[in-house]
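**Q** My structure file structure_5.tsv, TSV, C-alpha atoms, is below:
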```
chain	number	residue	atom	x	y	z
O	1	MET	CA	7.61	-11.61	-22.33
O	2	MET	CA	5.55	-8.95	-24.07
O	3	LEU	CA	2.43	-10.33	-22.40
O	4	LYS	CA	4.08	-10.15	-18.98
O	5	ASN	CA	4.77	-6.45	-19.49
O	6	ILE	CA	1.23	-5.74	-20.70
O	7	ILE	CA	-0.23	-7.53	-17.66
O	8	GLY	CA	2.09	-5.48	-15.41
O	9	LEU	CA	0.93	-2.21	-16.96
O	10	LEU	CA	-2.77	-3.15	-16.88
O	11	ALA	CA	-2.55	-4.29	-13.26
O	12	GLY	CA	-0.85	-0.99	-12.34
O	13	LEU	CA	-3.51	1.09	-14.10
O	14	LEU	CA	-6.34	-0.89	-12.51
O	15	PHE	CA	-4.73	-0.78	-9.07
O	16	GLY	CA	-4.27	2.99	-9.36
O	17	ILE	CA	-7.87	3.60	-10.45
O	18	GLY	CA	-9.05	1.34	-7.63
O	19	LEU	CA	-7.07	3.46	-5.16
O	20	LEU	CA	-8.58	6.68	-6.56
O	21	ILE	CA	-12.16	5.34	-6.42
O	22	SER	CA	-11.69	3.82	-2.96
O	23	GLY	CA	-10.59	7.05	-1.28
O	24	MET	CA	-7.18	5.64	-0.29
O	25	THR	CA	-5.49	8.51	-2.18
O	26	ASP	CA	-7.22	11.05	0.06
O	27	PRO	CA	-5.14	11.52	3.23
O	28	VAL	CA	-8.12	13.12	4.99
O	29	LYS	CA	-10.09	9.90	4.53
O	30	VAL	CA	-7.15	7.72	5.56
O	31	GLN	CA	-6.56	9.68	8.75
O	32	GLY	CA	-10.34	9.69	9.33
O	33	PHE	CA	-10.23	5.89	9.12
O	34	LEU	CA	-7.35	5.69	11.59
O	35	ASP	CA	-9.07	8.20	13.91
O	36	VAL	CA	-11.00	5.52	15.77
O	37	PHE	CA	-11.45	7.73	18.85
O	38	GLY	CA	-12.50	10.86	16.93
O	39	ALA	CA	-15.09	11.19	14.16
O	40	TRP	CA	-14.44	7.72	12.75
O	41	ASP	CA	-14.81	7.34	8.97
O	42	ILE	CA	-15.12	3.57	8.48
O	43	SER	CA	-15.27	3.69	4.64
O	44	LEU	CA	-11.77	2.31	4.13
O	45	ALA	CA	-12.64	-0.89	5.97
O	46	LEU	CA	-14.61	-1.63	2.78
O	47	VAL	CA	-11.43	-1.26	0.74
O	48	MET	CA	-9.51	-3.95	2.56
O	49	GLY	CA	-12.68	-6.03	2.80
O	50	GLY	CA	-13.45	-5.77	-0.92
O	51	GLY	CA	-9.82	-6.35	-1.88
O	52	LEU	CA	-9.59	-9.38	0.39
O	53	ILE	CA	-12.77	-11.06	-0.87
O	54	VAL	CA	-11.49	-11.01	-4.44
O	55	ALA	CA	-7.90	-11.85	-3.49
O	56	ILE	CA	-8.98	-14.87	-1.38
O	57	VAL	CA	-10.73	-16.32	-4.45
O	58	GLY	CA	-7.62	-15.56	-6.53
O	59	VAL	CA	-5.32	-17.30	-4.07
O	60	GLN	CA	-7.54	-20.40	-4.06
O	61	LEU	CA	-7.49	-20.44	-7.89
O	62	ALA	CA	-3.71	-19.95	-7.85
O	63	LYS	CA	-3.30	-23.01	-5.61
O	64	ARG	CA	-5.11	-25.14	-8.20
O	65	GLN	CA	-3.00	-23.79	-11.04
O	66	GLN	CA	0.35	-25.32	-11.98
O	67	THR	CA	1.64	-22.14	-13.59
O	68	SER	CA	0.59	-18.57	-14.32
O	69	TRP	CA	-1.16	-17.60	-17.59
O	70	ILE	CA	2.21	-16.87	-19.17
O	71	GLY	CA	3.59	-20.22	-18.04
O	72	THR	CA	5.86	-19.04	-15.22
O	73	SER	CA	5.71	-20.43	-11.69
O	74	ILE	CA	3.46	-18.71	-9.16
O	75	ASP	CA	5.64	-17.14	-6.44
O	76	MET	CA	4.13	-17.21	-2.99
O	77	PRO	CA	6.26	-16.06	-0.07
O	78	SER	CA	7.15	-19.11	2.01
O	79	LYS	CA	8.30	-17.48	5.28
O	80	THR	CA	5.99	-18.04	8.22
O	81	VAL	CA	8.08	-16.87	11.18
O	82	ILE	CA	6.98	-13.63	12.83
O	83	THR	CA	10.24	-11.82	13.53
O	84	LYS	CA	11.16	-8.67	15.44
O	85	LYS	CA	12.31	-7.23	12.13
O	86	LEU	CA	8.83	-7.69	10.62
O	87	LEU	CA	7.05	-6.16	13.61
O	88	ILE	CA	9.40	-3.18	14.04
O	89	GLY	CA	9.15	-2.51	10.29
O	90	ALA	CA	5.34	-2.61	10.42
O	91	MET	CA	5.43	-0.36	13.49
O	92	LEU	CA	7.58	2.31	11.77
O	93	PHE	CA	5.43	2.09	8.64
O	94	GLY	CA	2.26	2.49	10.73
O	95	ILE	CA	3.63	5.61	12.43
O	96	GLY	CA	4.57	7.19	9.08
O	97	TRP	CA	1.22	6.21	7.56
O	98	GLY	CA	-0.67	7.74	10.49
O	99	LEU	CA	1.36	10.97	10.39
O	100	VAL	CA	0.38	11.86	6.83
O	101	GLY	CA	-2.27	9.36	5.75
O	102	ILE	CA	-0.28	8.25	2.71
O	103	CYS	CA	1.01	4.72	2.06
O	104	PRO	CA	3.24	3.72	-0.90
O	105	GLY	CA	0.58	2.96	-3.55
O	106	PRO	CA	-1.48	6.13	-3.04
O	107	GLY	CA	1.74	8.18	-2.75
O	108	ILE	CA	2.80	7.00	-6.22
O	109	VAL	CA	-0.69	7.65	-7.66
O	110	LEU	CA	-0.60	11.18	-6.20
O	111	LEU	CA	2.49	11.85	-8.35
O	112	GLY	CA	0.11	11.46	-11.30
O	113	THR	CA	-2.63	13.69	-9.91
O	114	GLY	CA	-0.10	16.50	-9.66
O	115	GLN	CA	-0.21	16.86	-5.87
O	116	TRP	CA	3.09	18.63	-5.07
O	117	GLN	CA	3.18	17.00	-1.64
O	118	ALA	CA	3.74	13.64	-3.35
O	119	TYR	CA	6.95	15.07	-4.82
O	120	VAL	CA	8.21	15.57	-1.27
O	121	PHE	CA	6.83	12.35	0.24
O	122	ILE	CA	7.97	9.91	-2.48
O	123	PRO	CA	11.61	11.14	-2.65
O	124	ALA	CA	11.74	10.85	1.17
O	125	MET	CA	10.29	7.33	0.88
O	126	ILE	CA	12.99	6.47	-1.69
O	127	VAL	CA	15.66	7.73	0.70
O	128	GLY	CA	14.14	5.59	3.47
O	129	MET	CA	14.31	2.54	1.19
O	130	LEU	CA	17.89	3.30	0.15
O	131	VAL	CA	18.93	3.69	3.79
O	132	TYR	CA	17.42	0.25	4.44
O	133	GLN	CA	19.28	-1.24	1.45
O	134	TRP	CA	22.52	0.31	2.66
O	135	LEU	CA	22.07	-0.95	6.24
O	136	GLU	CA	20.55	-4.31	5.27
O	137	PRO	CA	23.58	-6.52	6.04
O	138	ARG	CA	24.01	-4.88	9.45
O	139	LEU	CA	20.28	-4.99	10.16
O	140	ASN	CA	20.12	-8.69	9.32
O	141	GLU	CA	23.03	-9.31	11.70
O	142	PHE	CA	21.35	-7.20	14.37
O	143	PHE	CA	18.02	-8.99	14.13
O	144	ASP	CA	19.54	-12.45	13.77
B	1	MET	CA	-13.44	7.81	25.06
B	2	GLY	CA	-16.53	6.59	23.19
B	3	ILE	CA	-16.53	5.51	19.56
B	4	GLN	CA	-18.53	7.64	17.14
B	5	ILE	CA	-18.88	6.70	13.50
B	6	ASP	CA	-18.95	9.66	11.11
B	7	TRP	CA	-21.69	8.48	8.73
B	8	GLN	CA	-21.62	11.77	6.81
B	9	ALA	CA	-18.10	10.97	5.65
B	10	PHE	CA	-19.06	7.37	4.75
B	11	THR	CA	-18.48	6.51	1.08
B	12	PRO	CA	-19.93	3.10	0.10
B	13	ILE	CA	-18.17	3.40	-3.28
B	14	SER	CA	-14.95	2.60	-1.42
B	15	LEU	CA	-16.09	-1.02	-1.74
B	16	VAL	CA	-15.92	-0.76	-5.56
B	17	GLY	CA	-12.38	0.60	-5.30
B	18	GLY	CA	-11.47	-2.25	-2.96
B	19	LEU	CA	-12.86	-4.86	-5.36
B	20	MET	CA	-10.75	-3.32	-8.15
B	21	LEU	CA	-7.63	-3.62	-5.99
B	22	GLY	CA	-8.53	-7.27	-5.54
B	23	VAL	CA	-8.96	-7.81	-9.28
B	24	ALA	CA	-5.61	-6.11	-10.04
B	25	THR	CA	-3.96	-8.31	-7.41
B	26	VAL	CA	-5.47	-11.47	-8.90
B	27	ILE	CA	-4.47	-10.48	-12.46
B	28	LEU	CA	-0.88	-10.16	-11.30
B	29	LEU	CA	-0.96	-13.38	-9.27
B	30	LEU	CA	-2.64	-15.63	-11.85
B	31	GLY	CA	-1.33	-13.76	-14.91
B	32	ILE	CA	2.37	-13.62	-14.16
B	33	GLY	CA	2.62	-15.38	-10.80
B	34	ARG	CA	3.70	-12.35	-8.79
B	35	ILE	CA	2.50	-10.66	-5.61
B	36	ALA	CA	1.07	-7.13	-5.87
B	37	GLY	CA	3.15	-5.58	-3.12
B	38	ILE	CA	3.65	-1.93	-3.99
B	39	SER	CA	6.55	-1.21	-1.65
B	40	GLY	CA	8.35	-4.33	-2.84
B	41	ILE	CA	7.80	-3.63	-6.54
B	42	PHE	CA	8.76	0.03	-6.12
B	43	SER	CA	11.93	-0.79	-4.20
B	44	SER	CA	13.01	-3.17	-6.96
B	45	LEU	CA	13.24	-0.07	-9.18
B	46	LEU	CA	16.04	1.06	-6.87
B	47	LYS	CA	18.07	-2.05	-7.75
B	48	PRO	CA	18.92	-1.38	-11.41
B	49	LYS	CA	20.56	-4.77	-11.89
B	50	ARG	CA	17.58	-6.76	-10.68
B	51	VAL	CA	14.58	-4.74	-11.84
B	52	GLU	CA	12.23	-6.35	-14.36
B	53	MET	CA	10.35	-4.50	-17.10
B	54	TRP	CA	6.89	-5.48	-15.79
B	55	GLN	CA	7.76	-3.83	-12.47
B	56	VAL	CA	8.64	-0.55	-14.20
B	57	LEU	CA	5.39	-0.73	-16.17
B	58	PHE	CA	3.31	-1.55	-13.10
B	59	ILE	CA	4.61	1.60	-11.37
B	60	ALA	CA	4.12	3.58	-14.61
B	61	GLY	CA	0.52	2.30	-14.61
B	62	LEU	CA	0.01	3.64	-11.08
B	63	ILE	CA	1.39	7.06	-12.07
B	64	LEU	CA	-0.69	7.17	-15.28
B	65	SER	CA	-3.91	5.93	-13.65
B	66	PRO	CA	-5.17	9.44	-12.75
B	67	LEU	CA	-4.84	10.42	-16.41
B	68	LEU	CA	-6.94	7.43	-17.50
B	69	TYR	CA	-9.44	8.09	-14.71
B	70	SER	CA	-9.79	11.75	-15.73
B	71	LEU	CA	-10.90	10.70	-19.23
B	72	PHE	CA	-14.11	9.37	-17.67
B	73	ARG	CA	-14.68	11.39	-14.55
B	74	PRO	CA	-13.18	14.45	-12.90
B	75	LEU	CA	-10.46	13.50	-10.42
B	76	PRO	CA	-11.54	13.50	-6.76
B	77	ASP	CA	-10.76	16.62	-4.75
B	78	ILE	CA	-7.74	15.90	-2.64
B	79	GLU	CA	-6.51	18.36	-0.09
B	80	ILE	CA	-3.25	17.72	1.72
B	81	SER	CA	-2.46	20.14	4.52
B	82	THR	CA	0.60	18.32	5.88
B	83	SER	CA	3.73	20.43	6.39
B	84	ILE	CA	6.93	19.70	4.46
B	85	PRO	CA	8.94	18.45	7.48
B	86	LEU	CA	6.13	16.04	8.36
B	87	LEU	CA	5.93	14.80	4.75
B	88	ILE	CA	9.69	14.14	4.81
B	89	GLY	CA	9.67	12.43	8.20
B	90	ALA	CA	6.69	10.26	7.29
B	91	GLY	CA	8.19	9.41	3.88
B	92	LEU	CA	11.41	8.23	5.53
B	93	LEU	CA	9.47	6.09	8.04
B	94	VAL	CA	7.24	4.59	5.33
B	95	GLY	CA	10.21	3.82	3.04
B	96	PHE	CA	12.42	2.30	5.74
B	97	GLY	CA	9.56	0.61	7.62
B	98	THR	CA	8.02	-1.10	4.59
B	99	ARG	CA	11.40	-2.57	3.61
B	100	LEU	CA	12.25	-3.69	7.14
B	101	GLY	CA	8.75	-5.14	7.51
B	102	SER	CA	8.74	-6.71	4.01
B	103	GLY	CA	5.55	-5.01	2.84
B	104	CYS	CA	2.80	-2.46	3.19
B	105	THR	CA	-0.97	-2.14	2.94
B	106	SER	CA	-1.07	-4.00	-0.40
B	107	GLY	CA	1.43	-6.85	-0.04
B	108	HIS	CA	0.56	-7.67	3.58
B	109	GLY	CA	-2.90	-6.07	3.82
B	110	ILE	CA	-4.45	-7.64	0.73
B	111	CYS	CA	-2.19	-10.36	-0.72
B	112	GLY	CA	-0.73	-11.75	2.48
B	113	ASN	CA	-3.95	-11.74	4.44
B	114	ALA	CA	-5.72	-13.42	1.53
B	115	ARG	CA	-3.13	-16.22	1.80
B	116	LEU	CA	-3.78	-16.30	5.58
B	117	SER	CA	-0.05	-15.69	6.08
B	118	PRO	CA	0.67	-15.36	9.81
B	119	ARG	CA	3.42	-12.82	9.05
B	120	SER	CA	1.08	-10.62	7.04
B	121	MET	CA	-1.67	-10.82	9.65
B	122	ALA	CA	0.81	-9.82	12.37
B	123	ALA	CA	2.18	-6.98	10.22
B	124	THR	CA	-1.33	-5.71	9.36
B	125	VAL	CA	-2.44	-5.65	13.00
B	126	THR	CA	0.81	-3.86	13.91
B	127	PHE	CA	0.71	-1.11	11.28
B	128	MET	CA	-3.02	-0.53	11.82
B	129	LEU	CA	-2.53	-0.29	15.55
B	130	PHE	CA	0.41	2.11	15.27
B	131	GLY	CA	-1.43	4.17	12.65
B	132	ILE	CA	-4.39	4.51	15.03
B	133	VAL	CA	-2.15	5.38	17.99
B	134	THR	CA	-0.23	7.92	15.89
B	135	VAL	CA	-3.43	9.68	14.78
B	136	TYR	CA	-4.75	9.64	18.34
B	137	ILE	CA	-1.59	11.18	19.80
B	138	GLY	CA	-0.90	13.48	16.87
B	139	ARG	CA	-4.46	14.77	16.54
B	140	HIS	CA	-6.08	14.60	19.95
B	141	LEU	CA	-3.16	15.00	22.33
B	142	LEU	CA	-0.70	17.17	20.38
B	143	GLY	CA	-2.96	18.78	17.78
B	144	LEU	CA	-0.27	18.34	15.12
B	145	ILE	CA	-2.19	16.50	12.38
```
Let me see the structure of the file written as structure tokens.
**A**
Amino acid sequence: MMLKNIIGLLAGLLFGIGLLISGMTDPVKVQGFLDVFGAWDISLALVMGGGLIVAIVGVQLAKRQQTSWIGTSIDMPSKTVITKKLLIGAMLFGIGWGLVGICPGPGIVLLGTGQWQAYVFIPAMIVGMLVYQWLEPRLNEFFD
Amino acid sequence: MGIQIDWQAFTPISLVGGLMLGVATVILLLGIGRIAGISGIFSSLLKPKRVEMWQVLFIAGLILSPLLYSLFRPLPDIEISTSIPLLIGAGLLVGFGTRLGSGCTSGHGICGNARLSPRSMAATVTFMLFGIVTVYIGRHLLGLI
């Protein structure tokens, strides 16, 4: 289990440094990327593109592997149905992301760069997640 | 409403960052068999009975990454001019929306799309579209952001 924890920490460090290098932690760049009808900064298309190229190879390797390096099963989400819940969630997330140019990963990294705004954004994000957890049974009923 | 690319703001190094996100994702997937979905991993920290140690350490890694980065290079200049009410409103939407929609830019945008998951592709198109519309309305129509 020690190895699992070390891999978790290393992946987090690498992911965070990747976000810093990519420009995803800079809300000006993120909003510039989303500003398709203004002065459009297309740099962040390279982030998803670069991430995807490597991840596609990883997924193909994972399909040929019985288990992970530490011997556990490889969990791939199995749901395929596009639900209203999924789309409304993505819609609300997109609005919030556009408003400030911060998504969850970069928000967490910005806690470490000492940006005070992250100490407002992340607690609000936590509250949003807790509200979801609290309403989850009712939401599931509503969207069923 | 023509499209103009701001080449002066273009940073090709973003590709290097993107490749690193891919490598981190693959390490997690092949190494321990888990998906690198930040909103999902972070929200598991809010369920004390179900959280696993690797999830705590992954988030700790994200928070400590600027420190590691700063050992090699000065941290990038980041200027955030967003007001406090907007930060709170956006934080609430991002927190609630990513849980309702089962993921964010990492889990859907990188992992899910790499698996060609129809759900992730639909979610990615949706949050990109609404992000673009929000910036258009907020910046060009209302002048708020």
**Q** Excluding same-chain residues fewer than 3 positions from O:Met24, what lies within 10 Å of it counting only C-alpha atoms, as a VMD selection string?
**A** (chain O and resid 16 18 to 21 27 to 31 33 43 to 44 47 101 to 103 105 to 107) or (chain B and resid 14 17 to 18)
**Q** Counting all atoms listed in the file, I want the residues whose atoms come within 12 Å of (9.3, 12.4, 7.0) in the file frame, returned as a VMD selection string.
**A** (chain O and resid 92 to 93 95 to 100 102 117 to 118 120 to 128) or (chain B and resid 82 to 97)
**Q** Just the number, please: distance in Å from atom CA of B:Leu129 to atom CA of O:Leu34, one decimal.
**A**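 Taking atom CA of B:Leu129 and atom CA of O:Leu34, their separation equals 8.6 Å.
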**Q** May I have the protein, DNA and RNA residues with an atom at most 10 Å from (-15.1, -5.1, -8.4), counting all atoms listed in the file in the file's coordinates, returned as a PyMOL selection string?
**A** (chain O and resi 18+50-51+53-54) or (chain B and resi 15-24)
**Q** I'd like the interatomic distance between atom CA of O:Ile42 and atom CA of B:Asp6, to a tenth of an Å.
**A**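 Atom-to-atom, atom CA of O:Ile42 to atom CA of B:Asp6, that is 7.7 Å.
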**Q** For a test of reading the model, state the distance in Å between atom CA of O:Ala55 and atom CA of B:Ala114, rounded to one decimal.
**A**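 Taking atom CA of O:Ala55 as the start and atom CA of B:Ala114 as the end point, the length is 5.7 Å.
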**Q** List the neighbours of stretch 60-74 of chain O out to 8 Å using all atoms listed in the file; skip same-chain residues closer than 5 positions along the sequence, and give me the result as a list in words.
**A**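 Contacts, in chain order: Leu3 and Lys4 of chain O; Leu29, Leu30, Gly31, Ile32, Gly33 and Arg34 of chain B.
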**Q** May I ask which of the residues O:Asp26, O:Asp144, O:Ala39, O:Ile56 is the closest one to B:His140, counting all atoms listed in the file?
**A**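 Result for the nearest residue to B:His140: O:Ala39.
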**Q** Between B:Ala9, B:Leu46, B:Gln55, B:Gly61, which is the closest to O:Ile108 once you count all atoms listed in the file?
**A**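 Checking each of B:Ala9, B:Leu46, B:Gln55, B:Gly61 against O:Ile108, counting all atoms listed in the file, the winner is B:Gly61.
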**Q** Please provide as a list of chain:residue names all residues within 10 Å of stretch 2-5 of chain B, with the sequence filter that same-chain residues fewer than 5 positions apart are discarded (counting all atoms listed in the file).
**A**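 Near neighbours after the sequence-gap exclusion: O:Gly32, O:Phe33, O:Asp35, O:Val36, O:Phe37, O:Gly38, O:Ala39, O:Trp40, O:Asp41, O:Ile42, B:Phe10.
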**Q** Kindly indicate which residue among O:Trp134, O:Gly49, O:Ser22, O:Ile7 lies nearest to chain B, using all atoms listed in the file for the distances.
**A**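 Closest to chain B, using all atoms listed in the file: O:Ser22.
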**Q** Nearest to chain B: which of O:Gln133, O:Phe143, O:Ala45, O:Val109 is it, counting all atoms listed in the file?
**A**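 Looking only at the distances to chain B, the closest residue turns out to be O:Val109.
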**Q** How big is the axis-aligned box around all listed atoms of stretch 87-93 of chain B once 3 Å goes on each side, and where's its centre, in Å to one decimal, as JSON?
**A**
```
{"center_x": 8.7, "center_y": 10.4, "center_z": 6.0, "size_x": 11.5, "size_y": 14.7, "size_z": 10.3}
```
**Q** For each of O:Gly114, O:Pro77, O:Gly8, O:Pro137, take the minimum atom-to-atom distance to chain B, counting all atoms listed in the file, then give the residue where this is smallest.
**A** O:Gly8
**Q** Got a minute to add N, CA and C atoms to stretch 73-92 of chain B and dump it as a PDB file, in the frame of the given file?
**A**
```pdb
ATOM      1  N   ARG B  73     -14.082  10.602 -15.622  1.00  0.00           N
ATOM      2  CA  ARG B  73     -14.680  11.390 -14.550  1.00  0.00           C
ATOM      3  C   ARG B  73     -13.658  12.398 -14.043  1.00  0.00           C
ATOM      4  N   PRO B  74     -14.148  13.526 -13.486  1.00  0.00           N
ATOM      5  CA  PRO B  74     -13.180  14.450 -12.900  1.00  0.00           C
ATOM      6  C   PRO B  74     -12.483  13.793 -11.702  1.00  0.00           C
ATOM      7  N   LEU B  75     -11.216  14.096 -11.534  1.00  0.00           N
ATOM      8  CA  LEU B  75     -10.460  13.500 -10.420  1.00  0.00           C
ATOM      9  C   LEU B  75     -11.059  13.954  -9.085  1.00  0.00           C
ATOM     10  N   PRO B  76     -11.009  13.091  -8.062  1.00  0.00           N
ATOM     11  CA  PRO B  76     -11.540  13.500  -6.760  1.00  0.00           C
ATOM     12  C   PRO B  76     -10.746  14.681  -6.189  1.00  0.00           C
ATOM     13  N   ASP B  77     -11.444  15.504  -5.427  1.00  0.00           N
ATOM     14  CA  ASP B  77     -10.760  16.620  -4.750  1.00  0.00           C
ATOM     15  C   ASP B  77      -9.888  16.066  -3.642  1.00  0.00           C
ATOM     16  N   ILE B  78      -8.633  16.378  -3.702  1.00  0.00           N
ATOM     17  CA  ILE B  78      -7.740  15.900  -2.640  1.00  0.00           C
ATOM     18  C   ILE B  78      -7.026  17.094  -2.043  1.00  0.00           C
ATOM     19  N   GLU B  79      -7.179  17.246  -0.735  1.00  0.00           N
ATOM     20  CA  GLU B  79      -6.510  18.360  -0.090  1.00  0.00           C
ATOM     21  C   GLU B  79      -5.532  17.824   0.941  1.00  0.00           C
ATOM     22  N   ILE B  80      -4.265  18.177   0.777  1.00  0.00           N
ATOM     23  CA  ILE B  80      -3.250  17.720   1.720  1.00  0.00           C
ATOM     24  C   ILE B  80      -2.714  18.942   2.457  1.00  0.00           C
ATOM     25  N   SER B  81      -2.887  18.950   3.779  1.00  0.00           N
ATOM     26  CA  SER B  81      -2.460  20.140   4.520  1.00  0.00           C
ATOM     27  C   SER B  81      -1.195  19.881   5.341  1.00  0.00           C
ATOM     28  N   THR B  82      -0.585  18.698   5.104  1.00  0.00           N
ATOM     29  CA  THR B  82       0.600  18.320   5.880  1.00  0.00           C
ATOM     30  C   THR B  82       1.795  19.218   5.556  1.00  0.00           C
ATOM     31  N   SER B  83       2.555  19.585   6.591  1.00  0.00           N
ATOM     32  CA  SER B  83       3.730  20.430   6.390  1.00  0.00           C
ATOM     33  C   SER B  83       4.865  19.634   5.736  1.00  0.00           C
ATOM     34  N   ILE B  84       5.807  20.349   5.148  1.00  0.00           N
ATOM     35  CA  ILE B  84       6.930  19.700   4.460  1.00  0.00           C
ATOM     36  C   ILE B  84       7.774  18.820   5.402  1.00  0.00           C
ATOM     37  N   PRO B  85       8.153  19.321   6.591  1.00  0.00           N
ATOM     38  CA  PRO B  85       8.940  18.450   7.480  1.00  0.00           C
ATOM     39  C   PRO B  85       8.219  17.154   7.842  1.00  0.00           C
ATOM     40  N   LEU B  86       6.904  17.240   8.013  1.00  0.00           N
ATOM     41  CA  LEU B  86       6.130  16.040   8.360  1.00  0.00           C
ATOM     42  C   LEU B  86       6.079  15.077   7.166  1.00  0.00           C
ATOM     43  N   LEU B  87       5.939  15.643   5.957  1.00  0.00           N
ATOM     44  CA  LEU B  87       5.930  14.800   4.750  1.00  0.00           C
ATOM     45  C   LEU B  87       7.260  14.056   4.624  1.00  0.00           C
ATOM     46  N   ILE B  88       8.367  14.765   4.918  1.00  0.00           N
ATOM     47  CA  ILE B  88       9.690  14.140   4.810  1.00  0.00           C
ATOM     48  C   ILE B  88       9.867  13.062   5.868  1.00  0.00           C
ATOM     49  N   GLY B  89       9.523  13.399   7.109  1.00  0.00           N
ATOM     50  CA  GLY B  89       9.670  12.430   8.200  1.00  0.00           C
ATOM     51  C   GLY B  89       8.835  11.178   7.950  1.00  0.00           C
ATOM     52  N   ALA B  90       7.583  11.394   7.532  1.00  0.00           N
ATOM     53  CA  ALA B  90       6.690  10.260   7.290  1.00  0.00           C
ATOM     54  C   ALA B  90       7.179   9.444   6.095  1.00  0.00           C
ATOM     55  N   GLY B  91       7.667  10.112   5.056  1.00  0.00           N
ATOM     56  CA  GLY B  91       8.190   9.410   3.880  1.00  0.00           C
ATOM     57  C   GLY B  91       9.355   8.501   4.259  1.00  0.00           C
ATOM     58  N   LEU B  92      10.271   9.034   5.087  1.00  0.00           N
ATOM     59  CA  LEU B  92      11.410   8.230   5.530  1.00  0.00           C
ATOM     60  C   LEU B  92      10.948   7.001   6.313  1.00  0.00           C
TER      61      LEU B  92
END
```
